[in-house]
$ cat start_4.cif   # mmCIF, C-alpha atoms
data_run
#
loop_
_atom_site.group_PDB
_atom_site.id
_atom_site.type_symbol
_atom_site.label_atom_id
_atom_site.label_comp_id
_atom_site.auth_asym_id
_atom_site.auth_seq_id
_atom_site.Cartn_x
_atom_site.Cartn_y
_atom_site.Cartn_z
ATOM 1 C CA MET A 1 -42.705 122.220 27.670
ATOM 2 C CA ARG A 2 -44.188 119.133 26.013
ATOM 3 C CA ARG A 3 -41.932 119.555 22.990
ATOM 4 C CA SER A 4 -38.771 119.739 25.111
ATOM 5 C CA PHE A 5 -39.863 116.595 26.977
ATOM 6 C CA LYS A 6 -40.175 114.722 23.664
ATOM 7 C CA ILE A 7 -36.730 115.931 22.600
ATOM 8 C CA LEU A 8 -35.250 114.742 25.897
ATOM 9 C CA LEU A 9 -36.888 111.319 25.459
ATOM 10 C CA TRP A 10 -35.463 110.993 21.939
ATOM 11 C CA LEU A 11 -32.001 111.991 23.143
ATOM 12 C CA LEU A 12 -32.230 109.484 25.986
ATOM 13 C CA ALA A 13 -33.303 106.744 23.566
ATOM 14 C CA LEU A 14 -30.394 107.545 21.236
ATOM 15 C CA MET A 15 -27.959 107.441 24.150
ATOM 16 C CA VAL A 16 -29.270 104.049 25.270
ATOM 17 C CA VAL A 17 -28.905 102.671 21.736
ATOM 18 C CA ALA A 18 -25.360 104.078 21.488
ATOM 19 C CA VAL A 19 -24.356 102.580 24.851
ATOM 20 C CA LEU A 20 -25.801 99.190 23.861
ATOM 21 C CA ALA A 21 -23.983 99.278 20.513
ATOM 22 C CA LEU A 22 -20.670 100.172 22.161
ATOM 23 C CA GLY A 23 -21.208 97.512 24.825
ATOM 24 C CA THR A 24 -21.820 94.913 22.132
ATOM 25 C CA LEU A 25 -18.645 95.909 20.313
ATOM 26 C CA MET A 26 -16.686 95.602 23.566
ATOM 27 C CA LEU A 27 -17.948 92.039 24.021
ATOM 28 C CA LEU A 28 -16.597 90.929 20.651
ATOM 29 C CA ASP A 29 -13.322 89.007 20.504
ATOM 30 C CA ARG A 30 -11.189 88.635 17.391
ATOM 31 C CA GLN A 31 -10.610 84.892 17.878
ATOM 32 C CA PRO A 32 -12.951 82.109 19.026
ATOM 33 C CA ILE A 33 -12.038 80.311 22.272
ATOM 34 C CA VAL A 34 -13.422 77.067 20.872
ATOM 35 C CA PRO A 35 -11.376 75.570 18.038
ATOM 36 C CA ALA A 36 -13.202 74.168 15.041
ATOM 37 C CA ASP A 37 -14.357 70.658 15.869
ATOM 38 C CA PRO A 38 -13.490 67.904 13.433
ATOM 39 C CA VAL A 39 -16.387 67.236 11.114
ATOM 40 C CA ALA A 40 -18.767 64.637 12.481
ATOM 41 C CA SER A 41 -19.070 61.452 10.469
ATOM 42 C CA GLU A 42 -22.257 60.696 8.562
ATOM 43 C CA ALA A 43 -23.169 58.055 11.160
ATOM 44 C CA GLU A 44 -22.732 60.575 13.986
ATOM 45 C CA GLN A 45 -24.840 63.158 12.168
ATOM 46 C CA ALA A 46 -27.583 60.577 11.610
ATOM 47 C CA TRP A 47 -27.442 59.605 15.296
ATOM 48 C CA VAL A 48 -27.781 63.257 16.372
ATOM 49 C CA ARG A 49 -30.762 63.847 14.059
ATOM 50 C CA GLN A 50 -32.441 60.687 15.363
ATOM 51 C CA TRP A 51 -31.670 61.568 18.995
ATOM 52 C CA LEU A 52 -33.069 65.090 18.621
ATOM 53 C CA ALA A 53 -36.198 63.773 16.903
ATOM 54 C CA THR A 54 -36.944 61.258 19.669
ATOM 55 C CA ASN A 55 -36.047 63.533 22.609
ATOM 56 C CA ARG A 56 -38.078 66.627 21.859
ATOM 57 C CA PRO A 57 -38.758 68.692 24.994
ATOM 58 C CA ARG A 58 -42.300 69.492 23.864
ATOM 59 C CA ALA A 59 -43.217 65.808 23.984
ATOM 60 C CA ARG A 60 -42.375 65.654 27.713
ATOM 61 C CA GLN A 61 -44.743 66.330 30.588
ATOM 62 C CA THR A 62 -44.413 69.740 32.180
ATOM 63 C CA GLY A 63 -42.684 69.648 35.549
ATOM 64 C CA LYS A 64 -41.430 66.090 35.146
ATOM 65 C CA ARG A 65 -37.716 65.635 35.812
ATOM 66 C CA ILE A 66 -35.693 64.239 32.907
ATOM 67 C CA THR A 67 -32.290 62.604 33.250
ATOM 68 C CA LEU A 68 -29.994 62.323 30.244
ATOM 69 C CA THR A 69 -27.039 59.989 30.091
ATOM 70 C CA LEU A 70 -24.645 61.154 27.396
ATOM 71 C CA SER A 71 -20.961 60.766 26.793
ATOM 72 C CA GLU A 72 -18.859 63.886 26.354
ATOM 73 C CA ARG A 73 -18.668 63.291 22.586
ATOM 74 C CA GLU A 74 -22.449 62.829 22.314
ATOM 75 C CA ALA A 75 -23.096 66.028 24.298
ATOM 76 C CA ASN A 76 -20.708 67.932 22.023
ATOM 77 C CA LEU A 77 -22.332 66.548 18.877
ATOM 78 C CA ILE A 78 -25.824 67.499 20.058
ATOM 79 C CA LEU A 79 -24.787 70.957 21.243
ATOM 80 C CA ASN A 80 -22.990 71.777 17.987
ATOM 81 C CA GLN A 81 -25.922 70.481 15.919
ATOM 82 C CA LEU A 82 -28.252 72.813 17.827
ATOM 83 C CA LEU A 83 -25.831 75.709 17.331
ATOM 84 C CA ASP A 84 -25.697 74.967 13.590
ATOM 85 C CA GLN A 85 -29.497 75.172 13.426
ATOM 86 C CA PHE A 86 -29.780 78.542 15.165
ATOM 87 C CA SER A 87 -26.495 80.401 14.623
ATOM 88 C CA GLN A 88 -22.886 80.183 13.521
ATOM 89 C CA GLY A 89 -20.488 78.986 16.142
ATOM 90 C CA GLN A 90 -18.789 76.169 18.002
ATOM 91 C CA ALA A 91 -19.198 74.791 21.496
ATOM 92 C CA VAL A 92 -17.394 72.254 23.605
ATOM 93 C CA VAL A 93 -18.487 70.535 26.817
ATOM 94 C CA ARG A 94 -16.009 68.971 29.231
ATOM 95 C CA LEU A 95 -17.607 66.599 31.739
ATOM 96 C CA GLU A 96 -16.044 65.865 35.116
ATOM 97 C CA ALA A 97 -17.387 64.296 38.312
ATOM 98 C CA GLY A 98 -20.280 66.534 39.383
ATOM 99 C CA ARG A 99 -19.160 69.347 37.082
ATOM 100 C CA ALA A 100 -19.310 70.477 33.507
ATOM 101 C CA ARG A 101 -17.454 73.205 31.672
ATOM 102 C CA LEU A 102 -19.180 74.769 28.691
ATOM 103 C CA ARG A 103 -17.282 76.975 26.253
ATOM 104 C CA VAL A 104 -19.124 78.652 23.386
ATOM 105 C CA SER A 105 -17.911 80.869 20.550
ATOM 106 C CA LEU A 106 -20.633 82.513 18.472
ATOM 107 C CA ALA A 107 -19.748 84.270 15.232
ATOM 108 C CA MET A 108 -21.553 87.521 14.603
ATOM 109 C CA PRO A 109 -22.980 87.401 11.062
ATOM 110 C CA TRP A 110 -23.413 91.192 10.827
ATOM 111 C CA ASN A 111 -19.822 91.897 11.840
ATOM 112 C CA GLN A 112 -17.612 92.073 8.747
ATOM 113 C CA LEU A 113 -14.453 92.075 10.879
ATOM 114 C CA GLY A 114 -15.045 88.519 12.083
ATOM 115 C CA GLY A 115 -15.953 89.162 15.707
ATOM 116 C CA PHE A 116 -16.919 86.409 18.131
ATOM 117 C CA VAL A 117 -18.858 86.403 21.376
ATOM 118 C CA ASN A 118 -17.023 83.961 23.657
ATOM 119 C CA MET A 119 -18.621 82.519 26.775
ATOM 120 C CA ASP A 120 -17.118 80.187 29.357
ATOM 121 C CA LEU A 121 -19.328 78.596 32.040
ATOM 122 C CA ALA A 122 -18.490 76.232 34.877
ATOM 123 C CA LEU A 123 -21.558 74.287 36.005
ATOM 124 C CA VAL A 124 -21.922 72.265 39.202
ATOM 125 C CA VAL A 125 -24.574 69.650 39.846
ATOM 126 C CA GLY A 126 -27.023 71.010 42.409
ATOM 127 C CA TYR A 127 -29.970 69.552 44.270
ATOM 128 C CA GLN A 128 -32.496 70.015 41.459
ATOM 129 C CA LEU A 129 -30.650 71.539 38.515
ATOM 130 C CA PRO A 130 -27.072 72.403 37.667
ATOM 131 C CA TYR A 131 -26.080 75.863 38.770
ATOM 132 C CA VAL A 132 -23.507 78.276 37.386
ATOM 133 C CA LEU A 133 -20.354 78.383 39.485
ATOM 134 C CA THR A 134 -18.333 80.795 37.331
ATOM 135 C CA ALA A 135 -19.016 82.620 34.089
ATOM 136 C CA ARG A 136 -16.983 84.714 31.690
ATOM 137 C CA LEU A 137 -18.277 86.649 28.720
ATOM 138 C CA ALA A 138 -15.585 87.927 26.349
ATOM 139 C CA GLY A 139 -13.032 87.578 29.128
ATOM 140 C CA LEU A 140 -15.101 89.578 31.609
ATOM 141 C CA PRO A 141 -15.977 87.667 34.769
ATOM 142 C CA LEU A 142 -19.676 87.644 35.576
ATOM 143 C CA PRO A 143 -21.271 86.684 38.891
ATOM 144 C CA GLY A 144 -22.542 83.113 38.681
ATOM 145 C CA ALA A 145 -25.773 84.067 40.455
ATOM 146 C CA LEU A 146 -26.507 86.725 37.821
ATOM 147 C CA VAL A 147 -25.966 84.279 34.959
ATOM 148 C CA GLN A 148 -28.050 81.648 36.744
ATOM 149 C CA THR A 149 -30.916 84.126 37.068
ATOM 150 C CA VAL A 150 -30.746 85.065 33.397
#

$ encode --input "start_4.cif" --output "structure tokens"
Amino acid sequence: MRRSFKILLWLLALMVVAVLALGTLMLLDRQPIVPADPVASEAEQAWVRQWLATNRPRARQTGKRITLTLSEREANLILNQLLDQFSQGQAVVRLEAGRARLRVSLAMPWNQLGGFVNMDLALVVGYQLPYVLTARLAGLPLPGALVQTV
């Protein structure tokens, strides 16, 4: 009895891994939704490095509200610099009155076929923090409340 229970657990674990692997493959797109951004100038790169060094989140008090005033170009430079540090990909932010649209294309380094995970978010300024109005992951619409929770 105990042996058959262990076998069932192993089979269940293998099925979960297989479903997750297939789900990941389904989320991959062949083309990025964000075109390659023109290379930032040396002055812009220096500005981003300096801005990130002086605006570290760890140096801020916990629970204190922080307001950033950035142009669309500055937000894009900072976001792409952070992406370059942690992964391969491109992002673009479009700022409008009370709204922002964030599009991200992440390249999967382990995928030899050149797959991308594409995400498209529409953010709206809320009372305290921006909240997710709409979200799409690899073309699949996701409930904004679910993405906000995650």

$ resolve_selection --input "start_4.cif" --expression "the PyMOL selection byres ((chain A and resi 99) around 6)" --output "list in words"
Glu96, Ala97, Gly98, Ala100, Leu123 and Val124 of chain A

$ residues_near_point --input "start_4.cif" --point "(-28.2, 80.2, 20.7)" --cutoff "12 Å" --atoms "all atoms listed in the file" --output "ChimeraX atom specification"
/A:79-91,104-108,117,119

$ atom_distance --input "start_4.cif" --atom1 "atom CA of Leu70 of chain A" --atom2 "atom CA of Leu95 of chain A"
9.9 Å

$ resolve_selection --input "start_4.cif" --expression "the PyMOL selection byres ((chain A and resi 126-130) around 12)" --output "ChimeraX atom specification"
/A:63-67,98-101,121-125,131-133,144,148

$ resolve_selection --input "start_4.cif" --expression "the PyMOL selection byres ((chain A and resi 92) around 6)" --output "ChimeraX atom specification"
/A:76,91,93,102-103
